[in-house]
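Participant: Please see the structure below; I have some questions.
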Amino acid sequence: MGQTFMWHFRYPGSDGIFGHREQQYISPTNPFGIDAADPNGRDEMVTINRLTIPVNKTVLVKLSSMDVIHSFFLPNMRVKQDAIPGQWVNVWFNGSKTGEYEIACAELCGSGHYLMRGILELMPQSAYDAWIDG
């Protein structure tokens with residue numbers, strides 16, 4: 001989820017199931033509108049400007065924006081997709097080498113556009129599982 005000037009990333013937690021979302025629950029501290037009463041959402045995690053995924057796995061990102069058009073740009077993965085307010089766009093990729101890579105916004109989104117940076121971290125599956133469980 002793009003937001004001036006940051007990226008929010010949502011993970012399903014150790015059960016692998018995303019909880020229910022509702023627009024009425026969206027707030028500055030709950031950008032995805034996660035329903036706190038849904039037991040499937042209690043172990044979900046949200047990070048800011050850091051996307052952590054396992055290496056050699058095809059990852060589906062459901063992309064949107066809270067405010068203006070942003071562009072989710074992973075130059076090392078050859079991925080560039082607009083994030084549009086009110087729409088969800090699917091983008092997928094598969095990283096084959098562990099390490100940290102740049103996430104950028106490739107759409108001029110305001111005076112702080114240059115600050116809209118993040119990190120994509122690719123790690124082995126066992127380390128990812130430990131991270132999710134932690």
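Quick note on naming: the chains in the structure tokens go A, B, ... in the order shown, residues restart at 1 in each chain, and ligands are numbered from 1 in order of appearance.
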Within 6 Å of region 120-123 of chain A, counting only C-alpha atoms, which residues qualify if same-chain residues fewer than 6 places away don't, as a PDB file with C-alpha atoms, in the first residue's frame?
Facilitator:
ATOM      1  CA  ARG A  50      10.602  -3.115   4.317  1.00  0.00           C
ATOM      2  CA  LEU A  51       9.300  -6.066   2.300  1.00  0.00           C
ATOM      3  CA  THR A  52      10.691  -9.399   3.475  1.00  0.00           C
ATOM      4  CA  ILE A  53      10.111 -12.499   1.350  1.00  0.00           C
ATOM      5  CA  PRO A  54      11.613 -15.952   0.844  1.00  0.00           C
ATOM      6  CA  VAL A  55      14.052 -16.449  -2.002  1.00  0.00           C
ATOM      7  CA  THR A  98      19.353 -13.497  -1.184  1.00  0.00           C
ATOM      8  CA  GLY A  99      20.169  -9.960  -0.139  1.00  0.00           C
ATOM      9  CA  GLU A 100      18.701  -6.504   0.141  1.00  0.00           C
ATOM     10  CA  TYR A 101      17.401  -4.563  -2.857  1.00  0.00           C
TER      11      TYR A 101
END
Participant: Taking the chain letters and numbering used in this document, name the residues of chain A that DSSP puts in strand (DSSP E), as a VMD selection string.
Facilitator: chain A and resid 2 to 3 6 to 11 45 to 48 50 to 54 58 to 63 70 to 74 79 to 83 89 to 94 99 to 105 117 to 123
Participant: Restricting the calculation to only C-alpha atoms, which member of A:Ile34, A:Leu60, A:Ala127, A:Val91 is positioned closest to Phe72 (chain A)?
Facilitator: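 Going through A:Ile34, A:Leu60, A:Ala127, A:Val91 one by one, the smallest distance to Phe72 (chain A) is for A:Val91.
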Participant: Can you work out which one of A:Pro28, A:Ile48, A:Pro39, A:Glu22 has the shortest atom-to-atom distance to Arg10 (chain A), counting only C-alpha atoms?
Facilitator: A:Ile48
Participant: Counting only C-alpha atoms, which residue out of A:Lys97, A:His70, A:His113, A:Arg42 sits closest to Phe18 (chain A)?
Facilitator: A:Arg42
Participant: What's around Arg78 (chain A) at 12 Å? Count only C-alpha atoms, leave out sequence neighbours fewer than 2 positions away in its own chain, and write the answer as number ranges by chain.
Facilitator: A: 72-76, 80-81, 91-95, 101-103
Participant: Could you write out the selected residues, including N, CA, C and O atoms, as a CSV table (one decimal), in the first residue's frame?
Facilitator:
chain,number,residue,atom,x,y,z
A,72,PHE,N,5.3,1.3,-7.8
A,72,PHE,CA,6.1,0.3,-7.1
A,72,PHE,C,7.1,-0.2,-8.0
A,72,PHE,O,6.9,-0.9,-9.0
A,73,PHE,N,8.4,0.2,-7.7
A,73,PHE,CA,9.5,-0.1,-8.6
A,73,PHE,C,10.6,-0.9,-7.9
A,73,PHE,O,11.1,-0.4,-6.9
A,74,LEU,N,10.8,-2.1,-8.4
A,74,LEU,CA,11.9,-3.0,-8.0
A,74,LEU,C,12.8,-3.1,-9.1
A,74,LEU,O,12.7,-4.1,-9.9
A,75,PRO,N,13.8,-2.2,-9.3
A,75,PRO,CA,14.7,-2.3,-10.5
A,75,PRO,C,15.4,-3.6,-10.6
A,75,PRO,O,15.6,-4.1,-11.7
A,76,ASN,N,15.8,-4.2,-9.5
A,76,ASN,CA,16.6,-5.5,-9.6
A,76,ASN,C,15.7,-6.7,-10.0
A,76,ASN,O,16.2,-7.7,-10.4
A,80,LYS,N,7.8,-2.9,-12.3
A,80,LYS,CA,7.3,-1.5,-12.1
A,80,LYS,C,5.8,-1.5,-12.4
A,80,LYS,O,5.4,-1.8,-13.5
A,81,GLN,N,5.1,-1.1,-11.4
A,81,GLN,CA,3.6,-1.1,-11.5
A,81,GLN,C,3.0,0.0,-10.7
A,81,GLN,O,3.4,0.3,-9.6
A,91,VAL,N,0.6,-7.9,-8.9
A,91,VAL,CA,2.0,-7.9,-9.5
A,91,VAL,C,2.7,-9.0,-8.9
A,91,VAL,O,2.6,-9.2,-7.6
A,92,TRP,N,3.5,-9.8,-9.6
A,92,TRP,CA,4.2,-10.9,-9.0
A,92,TRP,C,5.6,-10.9,-9.6
A,92,TRP,O,5.9,-10.5,-10.7
A,93,PHE,N,6.5,-11.5,-8.8
A,93,PHE,CA,7.9,-11.7,-9.1
A,93,PHE,C,8.5,-12.8,-8.3
A,93,PHE,O,7.9,-13.3,-7.4
A,94,ASN,N,9.7,-13.2,-8.7
A,94,ASN,CA,10.4,-14.2,-8.0
A,94,ASN,C,11.9,-13.8,-8.0
A,94,ASN,O,12.5,-13.7,-9.0
A,95,GLY,N,12.4,-13.6,-6.8
A,95,GLY,CA,13.8,-13.2,-6.6
A,95,GLY,C,14.6,-14.5,-6.4
A,95,GLY,O,14.2,-15.4,-5.6
A,101,TYR,N,17.6,-5.3,-1.6
A,101,TYR,CA,17.4,-4.6,-2.9
A,101,TYR,C,16.5,-3.3,-2.6
A,101,TYR,O,15.7,-3.3,-1.7
A,102,GLU,N,16.7,-2.4,-3.5
A,102,GLU,CA,15.9,-1.1,-3.4
A,102,GLU,C,14.5,-1.3,-3.9
A,102,GLU,O,14.1,-2.0,-4.8
A,103,ILE,N,13.6,-0.6,-3.1
A,103,ILE,CA,12.2,-0.4,-3.5
A,103,ILE,C,12.1,1.1,-3.7
A,103,ILE,O,12.5,1.9,-2.8
